[in-house]
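Taking it in order: structure first as structure tokens, then the write-up.
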Amino acid sequence: MMSQFGARIHLLVTFVLVTCAAAGGACFGLLLDGRLTGLIAAGVAGLGAGIGSLVARRQVAAFFGDEAVLADGYAEGIADAVLVSIATYQAAVSPLTPAGVREEEREARRTLAYRVCAYDGLPLRVRVAAAGALEAIDRGQDVEDAQAAVSALTLTVYEHRTSR
């Protein structure tokens, strides 16, 4: 059975193919002989593209059928984005030079880190580790504590990736 994601993509691709085939057939028929030939060629080309799309539906269903693989790939990507955004926020809170990061940039990185951590597709383990890292960074008093929390988040993201 095809997932909703796969069915929607197949429907959109079918619509585009049938439309383009009908328009191409109409243009070809108009150039060849006139309006009637253009109308017939548009109908035949559109019908052929539609039938071809229905025949290919089984391959599309096999390609998009496994929703778990798509969801895991999405979750991995979001987890990696969380890790990168928290690491850049940590670098803004504890820069290498005292005047290395302006307050506006620090706030922008903080906002981005919190927004990325709020995505729905983020696994619970990664979400909890990210919350711990953000809390440790926001406290800003102990650099080693923040580094340990970000390291724990890194391990959680890695474990999530290797657990599938």
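Ordered as shown in the structure tokens, chains take letters A, B, and onward, while each chain numbers its residues from 1 and ligands are numbered from 1 in the order shown.
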Handout entry: Surrounding residues of Ala22 in chain A excluding itself and chain neighbours under 2 positions, 10 Å, only C-alpha atoms, as an NGL selection string
Key = :A and (16-20 or 24-28 or 38-49)
Problem - Residues within 12 Å of Gly77 in chain A, only C-alpha atoms, excluding chain neighbours under 4 positions, as a ChimeraX atom specification - result: /A:70-73,81-84,116,119,121-123,126,157-158,160-161
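Remark: for Arg8 in chain A, the closest of the candidate residues A:Ala21, A:Ala61, A:Cys117, A:Val93 is A:Ala61 (distances computed over only C-alpha atoms).
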Handout entry: Residues of range 59-117 of chain A in alpha helix (DSSP H), written as a ChimeraX atom specification
Key = /A:59-64,67-93,103-117
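Going from CA of Ala108 in chain A to CA of Glu159 in chain A covers 28.8 Å.
Look at Ala87 in chain A: the protein and nucleic acid residues within 12 Å of it, using only C-alpha atoms and passing over chain neighbours fewer than 4 places away, are A:Asp80, A:Ala81, A:Val82, A:Leu83, A:Ala91, A:Ala92, A:Val93, A:Ser94, A:Pro95, A:Arg109, A:Arg110, A:Leu112, A:Ala113, A:Ala130, A:Ala133, A:Leu134, A:Ile137, A:Ala146, A:Gln147, A:Ala148, A:Ala149, A:Val150, A:Ser151, A:Leu153, A:Thr154.
The gap separating CA of Glu104 in chain A from CA of Gln141 in chain A is 20.0 Å, in Å to one decimal.
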